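Colleague: One structure follows; several queries about it will come next.
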Amino acid sequence: MKALFLSFLFSLAAGGAFAQTATPAPAPTKQNPPVQTVEAACGQCKFGLKGHGCDLAVRIDGKAYFVDGTDIDAHGDAHAKDGFCNAIRQARVQGTVQNNRFKATSFQLVTEPAKK
């Protein structure tokens, strides 16, 4: 009786496993924008954009855009010697330009090599 019960239980489990159908992965609806290296600095101090105070901006293909998704204070002191208000830095970014602003999904400063 025990063997019959175990055999029945096994056949139910095996039948359930074979009854499963694989669902296809959903097709991607939108590709991620490419990662690109751009110039980053204070939009008002270094790129001449109109605004109030100091705001992070990037320059892509010669045109400057304010950045949404991160801010100037998230990347160190903007008024330090190498800060965004005093220096134009390189950054690796990912995002899109929408309504004349850069919508960043990723923003990482490129570290400068040590000077010898």
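Naming scheme: A, B, ... for chains in displayed order of the structure tokens; residues 1 onward per chain; ligands 1 onward as shown.
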Using only C-alpha atoms, determine which residues lie at most 8 Å from A:Ala87, disregarding the query and same-chain residues fewer than 5 positions distant; provide the list as a list in words.

Modeller: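 Once the adjacent positions are removed, what remains is Ala41, Lys46, Lys81 and Asp82 of chain A.
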
Colleague: May I have the residues within 10 Å of A:Val97 as a PyMOL selection string, using only C-alpha atoms and disregarding those fewer than 4 positions away in the same chain?

Modeller: chain A and resi 60+65-68+101-104

Colleague: Ranking A:Lys63, A:Ala74, A:Leu56, A:Gly95 by minimum distance to A:Gln31 and counting only C-alpha atoms, which one comes first?

Modeller: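 Closest residue, counting only C-alpha atoms: A:Gly95.
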
Colleague: For A:Thr37, work out the shell of residues within 10 Å, counting only C-alpha atoms and skipping chain neighbours fewer than 6 positions away, then give it as a VMD selection string.

Modeller: chain A and resid 58 to 60 90 to 94 107 to 110

Colleague: Point out the residue among A:Gly69, A:Thr96, A:Ala40, A:Cys85 with the least atom-to-atom distance to A:Cys54, counting only C-alpha atoms.

Modeller: A:Cys85

Colleague: State, in Å with one decimal place, the distance from atom CA of A:Cys45 to atom CA of A:Thr105.

Modeller: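 Result for atom CA of A:Cys45 versus atom CA of A:Thr105: 23.9 Å, one decimal.
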
Colleague: State, in Å with one decimal place, the distance from atom CA of A:Asn100 to atom CA of A:Gly83.

Modeller: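 Rounded to one decimal, the two atoms are 24.0 Å apart.
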